[in-house]
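**Student:** Below is one structure. I have some questions about it.
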Amino acid sequence: MDAPPLKPISSDGIKPVTEADLHAYADQLLDPARHVEIDAFLDAHPAERQRVDDWRAQNLALKQMLDPVLSEPLPLRLPLKPAPGAGWQDWPWRSLAAGVAIAVVSTGSAWWGRGAYDGQLQRSATLAAAKAGTLNGFAHRAAVAHVVYSPDVRRPVEVGADQEQALVTWLTKRMGAEVKPPDLRALGYELIGGRLLPGDKGPVAQFMFGGAKGERLTLYVTREDAGRETAFKFGQDGPVNVFYWVDKDFGYAISSGNSKQEMLRVAEAVYSQLEARK
């Protein structure tokens, strides 16, 4: 791991910050007051902020990789009750022992996995895509679309946020599956609206959001890589940063001139809302 667990870190006057605090911050388990303290500490310690961002990106990558397993149906041939004469009724302690064994193994595996992913080599493998790389495919087209439409002051979108339901209905009909914009107001971004764009293998949707400082962020949604699953990837195209991934029916790309840290924060929110809709 990067540092011994629970070792207090200099916190410039506030309650000492430990590894446990940083992990709890990454997992969004802190109470609001402590969250504000840790946030201020991370603002003053960029290296620690980078470590936390790496953990959060790991969590997202693991969640995206493992969530589909939870949704898999039970095999049809799986025996759900013991065969006649199997004798389980005569040995009630066996089921209890099996449950305890599974709990112990699962807990140990979970903590070992967390430690392993904190290792530099494992983190480098998991987050290889988090290093700015050349954009290809729909991620590149998303960056180009962002550059083309986000500076437009007069008509950045085809359908405005005041007609959000009409926008959703239109895009859903054209793309053949439900397409809805995420709600990013809690992160400081208001929906401006959206438009339909030509893609490599059919129409794509672009939703645009505006921040309090005038910055703009776009979410590009395509079906050209439907059926594939990819981990979160980060890349750059000139001044545009892009987080992108594929999840079953859609490919998603979030583009902005904001920092990678801010883009990760938005990507987490978008991914969480998409998962909640399933």
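Simple scheme: letters A, B, ... for chains in structure tokens order, numbers from 1 for residues in each chain, numbers from 1 for ligands in the order shown.
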What lies within 7 Å of A:Phe250 using only C-alpha atoms, ignoring chain neighbours under 3 positions off, as number ranges by chain?
**Tutor:** A: 221-223, 225-226, 246-247
**Student:** Please, what distance in Å, to one decimal, runs between atom CA of A:Asp27 and atom CA of A:Arg216?
**Tutor:**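 A separation of 27.2 Å between them.
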**Student:** Pick from A:Ile254, A:Val242, A:Gln261, A:Leu29: nearest to A:Pro46, with only C-alpha atoms counted?
**Tutor:** A:Gln261
**Student:** Give me, please, the distance in Å between atom CA of A:Ala186 and atom CA of A:Gly235, quoted to one decimal.
**Tutor:**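 Atom CA of A:Gly235 lies at a distance of 25.0 Å from atom CA of A:Ala186.
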